[in-house]
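> Just one file: model_19.cif, with mmCIF, C-alpha atoms and all ligand atoms.
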```cif
data_query
#
loop_
_atom_site.label_atom_id
_atom_site.label_comp_id
_atom_site.auth_asym_id
_atom_site.auth_seq_id
_atom_site.Cartn_x
_atom_site.Cartn_y
_atom_site.Cartn_z
CA MET A 198 -5.72 16.04 -22.15
CA ASN A 199 -5.35 13.68 -19.23
CA PHE A 200 -5.17 10.37 -21.19
CA GLN A 201 -7.17 8.41 -18.57
CA PHE A 202 -9.00 6.25 -21.11
CA GLU A 203 -5.79 5.65 -23.07
CA LYS A 204 -4.04 4.51 -19.93
CA GLU A 205 -6.89 2.21 -18.91
CA ILE A 206 -7.08 0.57 -22.33
CA ALA A 207 -3.29 0.20 -22.52
CA ILE A 208 -3.28 -1.65 -19.19
CA VAL A 209 -6.15 -3.93 -20.22
CA ALA A 210 -4.40 -4.63 -23.54
CA VAL A 211 -1.07 -5.70 -22.04
CA ARG A 212 -2.87 -7.73 -19.35
CA ARG A 213 -4.95 -9.57 -21.97
CA ALA A 214 -1.83 -10.25 -24.05
CA SER A 215 -0.05 -11.58 -20.96
CA TYR A 216 -2.73 -14.26 -20.48
CA LEU A 217 -1.78 -15.45 -23.95
CA THR A 218 2.00 -15.35 -23.53
CA GLU A 219 1.79 -17.15 -20.17
CA LYS A 220 -0.30 -19.87 -21.78
CA VAL A 221 2.20 -20.19 -24.64
CA PHE A 222 5.02 -20.55 -22.17
CA ASN A 223 3.25 -23.09 -19.98
CA GLN A 224 1.85 -25.18 -22.82
CA LEU A 225 4.56 -25.06 -25.44
CA ILE A 226 7.91 -23.84 -24.26
CA LYS A 227 8.04 -25.31 -20.78
CA GLU A 228 7.19 -28.70 -22.23
CA LYS A 229 10.05 -28.19 -24.68
CA SER A 230 7.78 -28.47 -27.66
CA ALA A 231 9.62 -27.29 -30.74
CA ALA A 232 6.34 -26.07 -32.14
CA GLY A 233 6.50 -22.86 -30.14
CA ALA A 234 9.46 -21.29 -31.87
CA HIS A 235 10.84 -20.78 -35.32
CA SER A 236 13.45 -18.51 -36.81
CA LYS A 237 12.72 -15.22 -38.54
CA GLU A 238 15.01 -14.00 -41.31
CA ASP A 239 17.08 -12.05 -38.78
CA LYS A 240 17.39 -15.27 -36.72
CA SER A 241 15.70 -13.74 -33.69
CA PRO A 242 13.37 -16.27 -32.14
CA VAL A 243 9.81 -15.37 -32.70
CA THR A 244 7.10 -17.43 -31.18
CA ILE A 245 3.43 -17.83 -31.65
CA GLY A 246 3.23 -15.71 -28.51
CA ASP A 247 4.56 -12.66 -30.39
CA PHE A 248 1.91 -12.97 -33.12
CA GLY A 249 -0.91 -13.74 -30.70
CA ALA A 250 -0.04 -10.91 -28.34
CA GLN A 251 0.15 -8.45 -31.24
CA ALA A 252 -3.32 -9.54 -32.45
CA VAL A 253 -4.89 -9.19 -28.99
CA VAL A 254 -3.44 -5.73 -28.33
CA ILE A 255 -4.11 -4.24 -31.76
CA SER A 256 -7.72 -5.48 -31.93
CA LEU A 257 -8.44 -3.76 -28.61
CA LEU A 258 -6.65 -0.54 -29.61
CA LYS A 259 -8.44 -0.39 -32.95
CA ASP A 260 -11.86 -0.68 -31.28
CA ALA A 261 -11.03 1.94 -28.65
CA PHE A 262 -9.11 4.39 -30.88
CA PRO A 263 -10.00 3.58 -34.51
CA LYS A 264 -8.07 6.52 -35.96
CA ASP A 265 -4.73 5.90 -34.24
CA PRO A 266 -2.01 4.25 -36.36
CA ILE A 267 0.18 1.56 -34.80
CA VAL A 268 3.87 0.74 -35.12
CA GLY A 269 4.07 -2.93 -34.14
CA GLU A 270 7.11 -5.17 -34.31
CA GLU A 271 5.55 -8.17 -36.07
CA ASP A 272 3.58 -8.83 -39.27
CA ALA A 273 1.44 -11.77 -40.38
CA ASP A 274 3.52 -12.97 -43.36
CA HIS A 275 4.76 -16.10 -41.62
CA LEU A 276 1.26 -17.04 -40.45
CA ARG A 277 -0.22 -16.60 -43.93
CA SER A 278 2.04 -19.34 -45.26
CA ASN A 279 1.87 -21.63 -42.20
CA GLY A 280 -1.68 -22.81 -41.66
CA GLU A 281 -0.96 -24.97 -38.63
CA THR A 282 0.81 -22.21 -36.71
CA CYS A 283 -1.95 -19.83 -37.71
CA SER A 284 -4.66 -22.10 -36.22
CA ARG A 285 -2.68 -22.45 -33.03
CA VAL A 286 -2.33 -18.69 -32.70
CA TRP A 287 -6.03 -18.25 -33.47
CA SER A 288 -7.18 -20.58 -30.67
CA LEU A 289 -4.85 -18.88 -28.17
CA VAL A 290 -6.14 -15.46 -29.21
CA GLN A 291 -9.76 -16.53 -28.73
CA GLU A 292 -9.00 -18.01 -25.30
CA SER A 293 -7.20 -14.93 -24.03
CA ILE A 294 -9.93 -12.54 -25.20
CA GLN A 295 -12.47 -14.76 -23.44
CA GLN A 296 -10.37 -14.93 -20.29
CA SER A 297 -10.16 -11.15 -20.04
CA LYS A 298 -12.72 -9.74 -17.59
CA GLU A 299 -12.24 -6.10 -18.57
CA TYR A 300 -13.73 -4.34 -21.60
CA LYS A 301 -15.04 -7.63 -23.05
CA GLU A 302 -17.07 -5.73 -25.64
CA LEU A 303 -13.88 -4.39 -27.19
CA GLY A 304 -11.26 -6.23 -29.22
CA GLN A 305 -13.32 -9.23 -30.36
CA ILE A 306 -11.98 -10.89 -33.53
CA LYS A 307 -14.37 -12.89 -35.70
CA ASP A 308 -12.09 -15.36 -37.46
CA ALA A 309 -8.49 -16.26 -38.28
CA GLU A 310 -8.54 -14.21 -41.47
CA GLN A 311 -9.52 -11.10 -39.55
CA MET A 312 -6.78 -11.87 -37.01
CA LEU A 313 -4.15 -11.77 -39.76
CA ALA A 314 -5.43 -8.40 -40.97
CA VAL A 315 -5.35 -7.11 -37.38
CA ILE A 316 -1.71 -8.19 -36.91
CA ASP A 317 -0.80 -6.35 -40.14
CA GLN A 318 -2.31 -3.13 -38.80
CA GLY A 319 0.93 -2.67 -36.89
CA ASN A 320 2.61 -1.61 -40.13
CA TYR A 321 2.64 2.18 -39.63
CA ASN A 322 5.94 3.81 -40.52
CA GLY A 323 5.99 6.25 -37.63
CA GLY A 324 6.72 9.97 -37.80
CA ARG A 325 6.51 13.26 -35.95
CA GLU A 326 2.88 14.28 -36.59
CA GLY A 327 0.00 13.47 -34.25
CA ARG A 328 -0.75 10.29 -32.32
CA MET A 329 0.51 6.75 -32.84
CA TRP A 330 0.91 3.68 -30.67
CA THR A 331 3.99 1.51 -30.60
CA LEU A 332 3.85 -2.13 -29.55
CA ASP A 333 6.39 -4.80 -28.75
CA PRO A 334 4.17 -7.85 -28.25
CA ILE A 335 7.01 -9.77 -26.60
CA ASP A 336 10.15 -7.84 -25.78
CA GLY A 337 13.08 -9.98 -24.73
CA THR A 338 11.96 -12.94 -26.83
CA LYS A 339 15.15 -14.74 -25.85
CA GLY A 340 14.37 -14.23 -22.17
CA PHE A 341 10.82 -15.47 -22.77
CA LEU A 342 12.11 -18.69 -24.31
CA ARG A 343 14.49 -19.17 -21.36
CA GLY A 344 11.74 -18.64 -18.78
CA ALA A 345 13.47 -15.43 -17.67
CA GLN A 346 12.28 -11.83 -17.95
CA TYR A 347 10.22 -10.59 -20.87
CA ALA A 348 7.73 -7.78 -21.31
CA ILE A 349 4.69 -6.72 -23.30
CA CYS A 350 5.27 -3.09 -24.10
CA LEU A 351 2.78 -0.52 -25.32
CA SER A 352 3.11 3.24 -25.59
CA LEU A 353 1.14 6.13 -27.03
CA ILE A 354 3.41 8.64 -28.76
CA GLU A 355 2.18 12.13 -29.57
CA ASN A 356 4.22 14.42 -31.83
CA GLY A 357 7.31 12.27 -31.28
CA LYS A 358 7.01 12.04 -27.48
CA PRO A 359 5.80 9.04 -25.45
CA MET A 360 2.79 10.25 -23.42
CA VAL A 361 1.25 7.04 -22.05
CA SER A 362 2.78 3.66 -21.45
CA ALA A 363 1.91 0.27 -20.01
CA ILE A 364 4.40 -2.57 -19.68
CA SER A 365 3.51 -6.01 -18.40
CA CYS A 366 6.25 -8.18 -16.88
CA PRO A 367 4.69 -11.57 -16.14
CA ASN A 368 7.85 -12.99 -14.54
CA LEU A 369 8.84 -10.01 -12.39
CA PRO A 370 8.13 -10.45 -8.64
CA PHE A 371 5.65 -7.94 -7.24
CA ASP A 372 8.09 -7.12 -4.44
CA PHE A 373 11.69 -7.18 -5.58
CA LYS A 374 12.95 -7.31 -1.99
CA GLN A 375 11.29 -10.73 -1.58
CA PRO A 376 11.80 -12.33 -4.99
CA GLU A 377 11.28 -15.89 -3.74
CA THR A 378 8.01 -15.45 -1.88
CA SER A 379 6.42 -12.52 -3.68
CA PRO A 380 3.78 -13.32 -6.33
CA LYS A 381 4.97 -12.86 -9.91
CA GLY A 382 3.44 -10.59 -12.50
CA ILE A 383 3.26 -6.81 -12.58
CA ILE A 384 2.13 -4.06 -14.89
CA MET A 385 3.76 -0.67 -14.71
CA SER A 386 2.07 2.32 -16.27
CA ALA A 387 2.68 6.04 -16.60
CA VAL A 388 1.16 9.14 -18.16
CA ARG A 389 3.50 12.06 -18.81
CA GLY A 390 3.30 14.47 -15.90
CA GLN A 391 1.20 12.11 -13.75
CA GLY A 392 3.78 9.75 -12.22
CA CYS A 393 4.49 6.05 -12.53
CA PHE A 394 2.36 3.30 -10.94
CA GLN A 395 2.70 -0.42 -10.34
CA TYR A 396 -0.31 -2.77 -10.69
CA SER A 397 -0.70 -6.46 -10.08
CA LEU A 398 -0.94 -8.39 -13.34
CA HIS A 399 -3.33 -11.05 -12.00
CA ASN A 400 -5.01 -9.67 -8.89
CA LEU A 401 -7.39 -6.95 -10.03
CA THR A 402 -8.30 -6.04 -6.44
CA VAL A 403 -4.78 -4.82 -5.57
CA GLN A 404 -4.65 -1.01 -5.56
CA PRO A 405 -1.95 0.57 -7.75
CA SER A 406 1.01 2.06 -5.91
CA GLN A 407 3.14 4.95 -7.10
CA VAL A 408 6.79 4.06 -7.61
CA TYR A 409 9.93 6.19 -7.54
CA MET A 410 13.58 5.76 -8.38
CA LYS A 411 15.94 5.60 -5.45
CA ASP A 412 17.34 8.96 -4.36
CA VAL A 413 20.98 7.97 -4.81
CA GLN A 414 23.35 10.96 -4.70
CA ASP A 415 26.77 9.34 -5.05
CA PRO A 416 27.29 7.26 -8.21
CA LYS A 417 29.51 4.80 -6.37
CA ASP A 418 26.52 3.74 -4.25
CA SER A 419 24.47 2.93 -7.33
CA LYS A 420 23.56 -0.39 -8.95
CA PHE A 421 23.64 -0.79 -12.70
CA CYS A 422 21.90 -3.17 -15.06
CA GLU A 423 22.38 -4.26 -18.64
CA GLY A 424 20.96 -6.76 -21.13
CA VAL A 425 21.73 -10.47 -21.05
CA GLU A 426 22.77 -10.88 -24.68
CA ALA A 427 26.40 -9.94 -25.37
CA GLY A 428 25.42 -9.18 -28.98
CA HIS A 429 22.97 -6.44 -27.96
CA SER A 430 25.28 -4.10 -26.02
CA MET A 431 28.97 -3.52 -25.27
CA GLN A 432 29.20 -5.22 -21.90
CA GLY A 433 32.99 -4.74 -21.60
CA THR A 434 32.70 -0.98 -22.15
CA GLN A 435 29.79 -0.85 -19.71
CA GLU A 436 31.95 -2.50 -17.08
CA GLU A 437 34.63 0.17 -17.62
CA ILE A 438 32.06 2.95 -17.26
CA ALA A 439 30.83 1.39 -14.01
CA LYS A 440 34.41 1.17 -12.76
CA LYS A 441 34.98 4.83 -13.63
CA LEU A 442 31.91 5.69 -11.54
CA GLY A 443 33.35 3.73 -8.62
CA ILE A 444 30.60 1.11 -8.68
CA VAL A 445 31.77 -2.00 -6.86
CA HIS A 446 28.90 -4.40 -7.52
CA GLY A 447 28.69 -6.22 -10.83
CA PRO A 448 25.72 -5.54 -13.10
CA THR A 449 22.31 -7.15 -12.85
CA LYS A 450 21.72 -8.74 -16.24
CA MET A 451 18.11 -8.79 -17.32
CA ASP A 452 16.25 -9.27 -20.58
CA SER A 453 13.70 -6.85 -22.02
CA GLN A 454 12.24 -3.54 -20.82
CA ALA A 455 11.96 -5.17 -17.39
CA LYS A 456 15.23 -3.22 -16.98
CA TYR A 457 13.40 0.13 -17.23
CA VAL A 458 10.63 -1.22 -14.98
CA SER A 459 13.16 -2.30 -12.36
CA LEU A 460 14.87 1.09 -12.42
CA ALA A 461 11.56 2.92 -12.11
CA ARG A 462 10.80 1.18 -8.81
CA GLY A 463 14.29 1.56 -7.41
CA ASP A 464 15.65 -1.98 -7.89
CA GLY A 465 18.55 -0.40 -9.77
CA ASP A 466 19.79 3.08 -10.62
CA ILE A 467 21.55 2.96 -14.01
CA TYR A 468 20.84 1.13 -17.30
CA LEU A 469 23.63 1.08 -19.87
CA ARG A 470 23.08 -0.01 -23.49
CA LEU A 471 26.14 0.97 -25.51
CA PRO A 472 25.79 0.02 -29.19
CA THR A 473 27.65 -2.98 -30.60
CA SER A 474 27.58 -1.16 -33.95
CA MET A 475 27.22 2.57 -34.61
CA THR A 476 25.04 1.74 -37.63
CA PHE A 477 22.52 -0.24 -35.53
CA GLU A 478 19.20 1.54 -35.13
CA GLU A 479 17.30 0.78 -31.93
CA LYS A 480 13.56 0.21 -32.49
CA ILE A 481 11.04 2.66 -31.05
CA TRP A 482 8.98 -0.18 -29.51
CA ASP A 483 12.03 -1.32 -27.52
CA HIS A 484 12.31 2.00 -25.64
CA ALA A 485 9.21 4.22 -25.85
CA GLY A 486 7.27 2.61 -23.00
CA GLY A 487 10.19 2.03 -20.65
CA SER A 488 11.76 5.45 -21.08
CA LEU A 489 8.53 7.18 -20.02
CA LEU A 490 8.26 4.97 -16.91
CA VAL A 491 11.78 5.94 -15.83
CA GLU A 492 11.23 9.64 -16.53
CA GLU A 493 8.01 9.66 -14.53
CA ALA A 494 9.74 7.90 -11.63
CA GLY A 495 12.54 10.49 -11.37
CA GLY A 496 15.06 9.43 -13.99
CA ILE A 497 16.50 10.76 -17.24
CA VAL A 498 16.86 8.73 -20.45
CA SER A 499 19.08 9.64 -23.39
CA ASP A 500 21.39 8.10 -25.94
CA MET A 501 25.08 7.42 -25.17
CA PHE A 502 25.95 11.08 -25.89
CA GLY A 503 23.28 12.53 -23.59
CA LYS A 504 21.00 13.39 -26.51
CA PRO A 505 17.26 12.86 -25.88
CA LEU A 506 15.73 9.85 -27.67
CA ASP A 507 13.80 11.01 -30.73
CA PHE A 508 10.72 8.83 -31.32
CA GLY A 509 9.51 10.98 -34.24
CA VAL A 510 11.81 9.84 -37.04
CA GLY A 511 10.23 6.55 -38.09
CA ARG A 512 10.13 2.98 -36.79
CA THR A 513 13.65 3.27 -35.40
CA LEU A 514 15.67 5.68 -33.24
CA LYS A 515 17.91 6.51 -36.19
CA SER A 516 18.99 9.88 -34.75
CA ASN A 517 20.41 8.20 -31.64
CA ASN A 518 23.15 5.76 -30.66
CA GLY A 519 22.62 3.42 -27.73
CA VAL A 520 20.68 4.22 -24.56
CA ILE A 521 21.54 5.43 -21.06
CA ALA A 522 18.98 5.69 -18.27
CA ALA A 523 19.80 6.87 -14.75
CA TYR A 524 18.39 8.55 -11.67
CA LYS A 525 18.42 12.31 -12.30
CA GLY A 526 20.81 12.97 -9.39
CA ILE A 527 23.62 10.96 -11.01
CA PHE A 528 22.68 11.12 -14.70
CA GLN A 529 25.33 13.71 -15.62
CA ASN A 530 28.03 11.66 -13.88
CA VAL A 531 27.07 8.67 -16.01
CA ILE A 532 27.19 10.70 -19.23
CA ASP A 533 30.60 12.15 -18.26
CA ALA A 534 31.99 8.71 -17.41
CA THR A 535 30.66 7.33 -20.70
CA ARG A 536 32.35 10.13 -22.62
CA ALA A 537 35.63 9.57 -20.77
CA VAL A 538 35.60 5.85 -21.57
CA THR A 539 34.36 5.98 -25.17
CA SER A 540 35.58 9.23 -26.76
CA GLN A 541 38.97 7.82 -27.80
CA ASP A 542 37.57 4.44 -28.84
CA PRO A 543 37.20 4.22 -32.66
CA HIS A 544 34.34 1.72 -32.22
CA PHE A 545 32.16 4.64 -31.07
CA ASN A 546 33.04 7.02 -33.90
CA LYS A 547 29.85 8.42 -35.41
CA VAL A 548 29.31 7.20 -38.97
N1 LIG B 1 22.32 -5.86 -32.20
C1 LIG B 1 21.37 -5.41 -31.40
N2 LIG B 1 21.63 -4.37 -30.58
C2 LIG B 1 20.68 -3.90 -29.76
N3 LIG B 1 19.42 -4.41 -29.68
C3 LIG B 1 19.13 -5.45 -30.47
C4 LIG B 1 20.07 -6.00 -31.36
N4 LIG B 1 19.47 -7.03 -32.01
C5 LIG B 1 18.20 -7.11 -31.55
N5 LIG B 1 17.99 -6.16 -30.62
C6 LIG B 1 16.78 -5.82 -29.90
O1 LIG B 1 16.98 -6.14 -28.53
C7 LIG B 1 15.70 -6.41 -28.00
C8 LIG B 1 15.82 -7.15 -26.72
O2 LIG B 1 16.50 -6.32 -25.86
P1 LIG B 1 17.03 -6.84 -24.51
O3 LIG B 1 17.29 -5.64 -23.65
O4 LIG B 1 16.13 -7.90 -23.99
O5 LIG B 1 18.40 -7.47 -24.91
S1 LIG B 1 19.29 -8.28 -23.99
O6 LIG B 1 19.27 -9.61 -24.55
O7 LIG B 1 18.81 -8.31 -22.62
O8 LIG B 1 20.58 -7.63 -24.11
C9 LIG B 1 15.05 -7.21 -29.06
O9 LIG B 1 13.66 -7.10 -28.89
P2 LIG B 1 12.73 -8.40 -29.14
O10 LIG B 1 12.96 -8.83 -30.56
O11 LIG B 1 11.37 -7.80 -28.95
O12 LIG B 1 13.08 -9.42 -28.13
C10 LIG B 1 15.56 -6.57 -30.35
O13 LIG B 1 14.66 -5.62 -30.89
MG MG B 2 12.13 -9.35 -32.15
MG MG B 3 11.89 -5.82 -28.34
MG MG B 4 9.54 -8.32 -29.61
#
```
So, in terms of structure tokens, how does the structure I just supplied come out?

Amino acid sequence: MNFQFEKEIAIVAVRRASYLTEKVFNQLIKEKSAAGAHSKEDKSPVTIGDFGAQAVVISLLKDAFPKDPIVGEEDADHLRSNGETCSRVWSLVQESIQQSKEYKELGQIKDAEQMLAVIDQGNYNGGREGRMWTLDPIDGTKGFLRGAQYAICLSLIENGKPMVSAISCPNLPFDFKQPETSPKGIIMSAVRGQGCFQYSLHNLTVQPSQVYMKDVQDPKDSKFCEGVEAGHSMQGTQEEIAKKLGIVHGPTKMDSQAKYVSLARGDGDIYLRLPTSMTFEEKIWDHAGGSLLVEEAGGIVSDMFGKPLDFGVGRTLKSNNGVIAAYKGIFQNVIDATRAVTSQDPHFNKV
């Protein structure tokens, strides 16, 4: 199976959803309207962009692959009890479907009620058998609200392994060497065994280019990145690991799976995400897409102990702790340094 149609639809889906999230940012967040954000029970900011993007992606997937179940981050509960927010999401969804030039015949939604049902189709519980998609409609919600990096992340998982992925990063410069002048907005996509490619988000005439991780052989010449939020990973420990590897430059801090995307095209070489709690379970939609991009660009992705990420055990990565991604030439050095720094630290005792 070469997954060409799956890849094409995944790219169209994240592109269509990006039209919506960009509109949400420009119309609501940039103008500091409070209407764009509210708090979910877990206090993470969730915006109308998250709901809208989930609706747009799932409606397209369900038309193209009716039998495939979907593990999506959001559900429609909040919208069902908030009519005004629901209408706002509904108009944005209609606009973005209309704006999309590709596969217009797929993913149409007839009314707001149907939109709510579509959002709730992301409720699959995951598992090891067969095909399923996983979707993070806005990853790095905090970055999105700050006008920093965020990503729309979609991946097809088969028998517990990501096989296809497409990630849109609307705020990432096309050319990272010229961040000021380069146009913003890229999509990165990979199929297992077929390499990793960068596309323009907005210019459909730009040909895709294959991307690779940098061939760094000595860990001390590498650059590492980590998340922005101190509550999401152990930044102090990560600094110690970097020091152990002889890395002199401080980390690049970046929200969302834009970190995996950056690694895949050689902007950085190592991504460290050491858990702030050993009982925290990372979500499959936060890592499925990005890990495949890095693997297809020449990297290895595992948990903090070097164990492969297992996407076949439900909606979370409950068999793993934390995440480490690195260029294959230095991956073992990173795992060894992590072990040296963490093995005596009771914080990292397995529970
Ligand atoms: N405690 C804790 N530890 C680890 N991860 C957590 C934690 N809490 C939340 N999340 C998830 O982090 C997702 C965002 O990841 P980022 O890489 O953008 O985080 S960071 O702010 O840059 O560190 C974020 O995804 P979104 O909700 O899609 O933004 C969450 O699923
Ligand atoms: Mg969230
Ligand atoms: Mg996320
Ligand atoms: Mg999200």
> Just the number, please: distance in Å from atom CA of Gly319 of chain A to atom CA of Val520 of chain A, one decimal.
24.3 Å
> Please build the interface table for chain A against ligand LIG 1 (chain B) with a cut-off of 6 Å, listing for each qualifying residue the nearest atom pair and the distance in Å to one decimal; count all atoms listed in the file, order rows by chain and increasing number, and write it as CSV.

```
residue,atom,partner,partner_atom,distance
A:Asp333,CA,B:LIG1,O11,5.8
A:Ile335,CA,B:LIG1,O11,5.3
A:Asp336,CA,B:LIG1,O11,3.4
A:Gly337,CA,B:LIG1,O12,3.4
A:Thr338,CA,B:LIG1,O12,3.9
A:Gly424,CA,B:LIG1,O7,3.0
A:Val425,CA,B:LIG1,O7,4.0
A:Glu426,CA,B:LIG1,O6,3.7
A:Gly428,CA,B:LIG1,N1,5.6
A:His429,CA,B:LIG1,N2,3.6
A:Ser430,CA,B:LIG1,N2,5.8
A:Met451,CA,B:LIG1,O7,5.4
A:Asp452,CA,B:LIG1,O7,3.4
A:Ser453,CA,B:LIG1,O4,3.3
```
> Neighbours of ligand MG 4 (chain B) at 12 Å or closer, counting only C-alpha atoms and all ligand atoms: which residues, as an MDAnalysis selection string?
chainID A and resid 218 237 241:251 269:272 331:342 347:351 452:454 480:484
> Export C-alpha atoms of the chosen residues as a PDB file, in the frame of the given file?

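Contents of result.pdb, as written:
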```pdb
ATOM      1  CA  THR A 218       2.000 -15.350 -23.530  1.00  0.00           C
ATOM      2  CA  LYS A 237      12.720 -15.220 -38.540  1.00  0.00           C
ATOM      3  CA  SER A 241      15.700 -13.740 -33.690  1.00  0.00           C
ATOM      4  CA  PRO A 242      13.370 -16.270 -32.140  1.00  0.00           C
ATOM      5  CA  VAL A 243       9.810 -15.370 -32.700  1.00  0.00           C
ATOM      6  CA  THR A 244       7.100 -17.430 -31.180  1.00  0.00           C
ATOM      7  CA  ILE A 245       3.430 -17.830 -31.650  1.00  0.00           C
ATOM      8  CA  GLY A 246       3.230 -15.710 -28.510  1.00  0.00           C
ATOM      9  CA  ASP A 247       4.560 -12.660 -30.390  1.00  0.00           C
ATOM     10  CA  PHE A 248       1.910 -12.970 -33.120  1.00  0.00           C
ATOM     11  CA  GLY A 249      -0.910 -13.740 -30.700  1.00  0.00           C
ATOM     12  CA  ALA A 250      -0.040 -10.910 -28.340  1.00  0.00           C
ATOM     13  CA  GLN A 251       0.150  -8.450 -31.240  1.00  0.00           C
ATOM     14  CA  GLY A 269       4.070  -2.930 -34.140  1.00  0.00           C
ATOM     15  CA  GLU A 270       7.110  -5.170 -34.310  1.00  0.00           C
ATOM     16  CA  GLU A 271       5.550  -8.170 -36.070  1.00  0.00           C
ATOM     17  CA  ASP A 272       3.580  -8.830 -39.270  1.00  0.00           C
ATOM     18  CA  THR A 331       3.990   1.510 -30.600  1.00  0.00           C
ATOM     19  CA  LEU A 332       3.850  -2.130 -29.550  1.00  0.00           C
ATOM     20  CA  ASP A 333       6.390  -4.800 -28.750  1.00  0.00           C
ATOM     21  CA  PRO A 334       4.170  -7.850 -28.250  1.00  0.00           C
ATOM     22  CA  ILE A 335       7.010  -9.770 -26.600  1.00  0.00           C
ATOM     23  CA  ASP A 336      10.150  -7.840 -25.780  1.00  0.00           C
ATOM     24  CA  GLY A 337      13.080  -9.980 -24.730  1.00  0.00           C
ATOM     25  CA  THR A 338      11.960 -12.940 -26.830  1.00  0.00           C
ATOM     26  CA  LYS A 339      15.150 -14.740 -25.850  1.00  0.00           C
ATOM     27  CA  GLY A 340      14.370 -14.230 -22.170  1.00  0.00           C
ATOM     28  CA  PHE A 341      10.820 -15.470 -22.770  1.00  0.00           C
ATOM     29  CA  LEU A 342      12.110 -18.690 -24.310  1.00  0.00           C
ATOM     30  CA  TYR A 347      10.220 -10.590 -20.870  1.00  0.00           C
ATOM     31  CA  ALA A 348       7.730  -7.780 -21.310  1.00  0.00           C
ATOM     32  CA  ILE A 349       4.690  -6.720 -23.300  1.00  0.00           C
ATOM     33  CA  CYS A 350       5.270  -3.090 -24.100  1.00  0.00           C
ATOM     34  CA  LEU A 351       2.780  -0.520 -25.320  1.00  0.00           C
ATOM     35  CA  ASP A 452      16.250  -9.270 -20.580  1.00  0.00           C
ATOM     36  CA  SER A 453      13.700  -6.850 -22.020  1.00  0.00           C
ATOM     37  CA  GLN A 454      12.240  -3.540 -20.820  1.00  0.00           C
ATOM     38  CA  LYS A 480      13.560   0.210 -32.490  1.00  0.00           C
ATOM     39  CA  ILE A 481      11.040   2.660 -31.050  1.00  0.00           C
ATOM     40  CA  TRP A 482       8.980  -0.180 -29.510  1.00  0.00           C
ATOM     41  CA  ASP A 483      12.030  -1.320 -27.520  1.00  0.00           C
ATOM     42  CA  HIS A 484      12.310   2.000 -25.640  1.00  0.00           C
TER      43      HIS A 484
END
```
> Within 10 Å of (25.7, 1.3, -23.6) (file coordinates; only C-alpha atoms), which protein or nucleic acid residues are there? I'd like them as a list in words.
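Final list of nearby residues, as requested, is Glu423, Gly424, His429, Ser430, Met431, Gln432, Gly433, Thr434, Gln435, Glu436, Ile438, Tyr468, Leu469, Arg470, Leu471, Pro472, Thr473, Asp500, Met501, Asn518, Gly519, Val520, Ile521, Ala522, Thr535 and Thr539 of chain A.
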> From the list A:Glu479, A:Gln346, A:Ala523, A:Glu205, which residue is nearest Cys422 of chain A when using all atoms listed in the file?
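Selected residue with least distance to Cys422 of chain A: A:Ala523.
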> With all atoms listed in the file as the counted atoms, please give the residues lying no more than 9 Å from Lys220 of chain A, apart from itself and same-chain residues fewer than 5 positions off, as a VMD selection string.
chain A and resid 215 225 246 289 293
> Output segment 284-294 of chain A with N, CA and C atoms present, as a compact mmCIF listing (two decimals), keeping the file's coordinate frame.

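The file below, result03.txt, is the result:
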```
# COMPACT_ATOMS: atom_id res chain seq x y z
N SER A 284 -3.52 -21.59 -37.03
CA SER A 284 -4.66 -22.10 -36.22
C SER A 284 -4.32 -22.11 -34.75
N ARG A 285 -3.07 -22.42 -34.44
CA ARG A 285 -2.68 -22.45 -33.03
C ARG A 285 -2.76 -21.04 -32.42
N VAL A 286 -2.26 -20.08 -33.18
CA VAL A 286 -2.33 -18.69 -32.70
C VAL A 286 -3.79 -18.28 -32.53
N TRP A 287 -4.63 -18.64 -33.50
CA TRP A 287 -6.03 -18.25 -33.47
C TRP A 287 -6.74 -18.82 -32.23
N SER A 288 -6.48 -20.08 -31.88
CA SER A 288 -7.18 -20.58 -30.67
C SER A 288 -6.67 -19.88 -29.40
N LEU A 289 -5.38 -19.60 -29.35
CA LEU A 289 -4.85 -18.88 -28.17
C LEU A 289 -5.44 -17.48 -28.06
N VAL A 290 -5.58 -16.82 -29.20
CA VAL A 290 -6.14 -15.46 -29.21
C VAL A 290 -7.58 -15.49 -28.69
N GLN A 291 -8.37 -16.43 -29.19
CA GLN A 291 -9.76 -16.53 -28.73
C GLN A 291 -9.83 -16.77 -27.22
N GLU A 292 -8.99 -17.70 -26.75
CA GLU A 292 -9.00 -18.01 -25.30
C GLU A 292 -8.66 -16.78 -24.46
N SER A 293 -7.63 -16.04 -24.89
CA SER A 293 -7.20 -14.93 -24.03
C SER A 293 -8.21 -13.80 -24.04
N ILE A 294 -8.90 -13.58 -25.17
CA ILE A 294 -9.93 -12.54 -25.20
C ILE A 294 -11.07 -12.96 -24.27
```
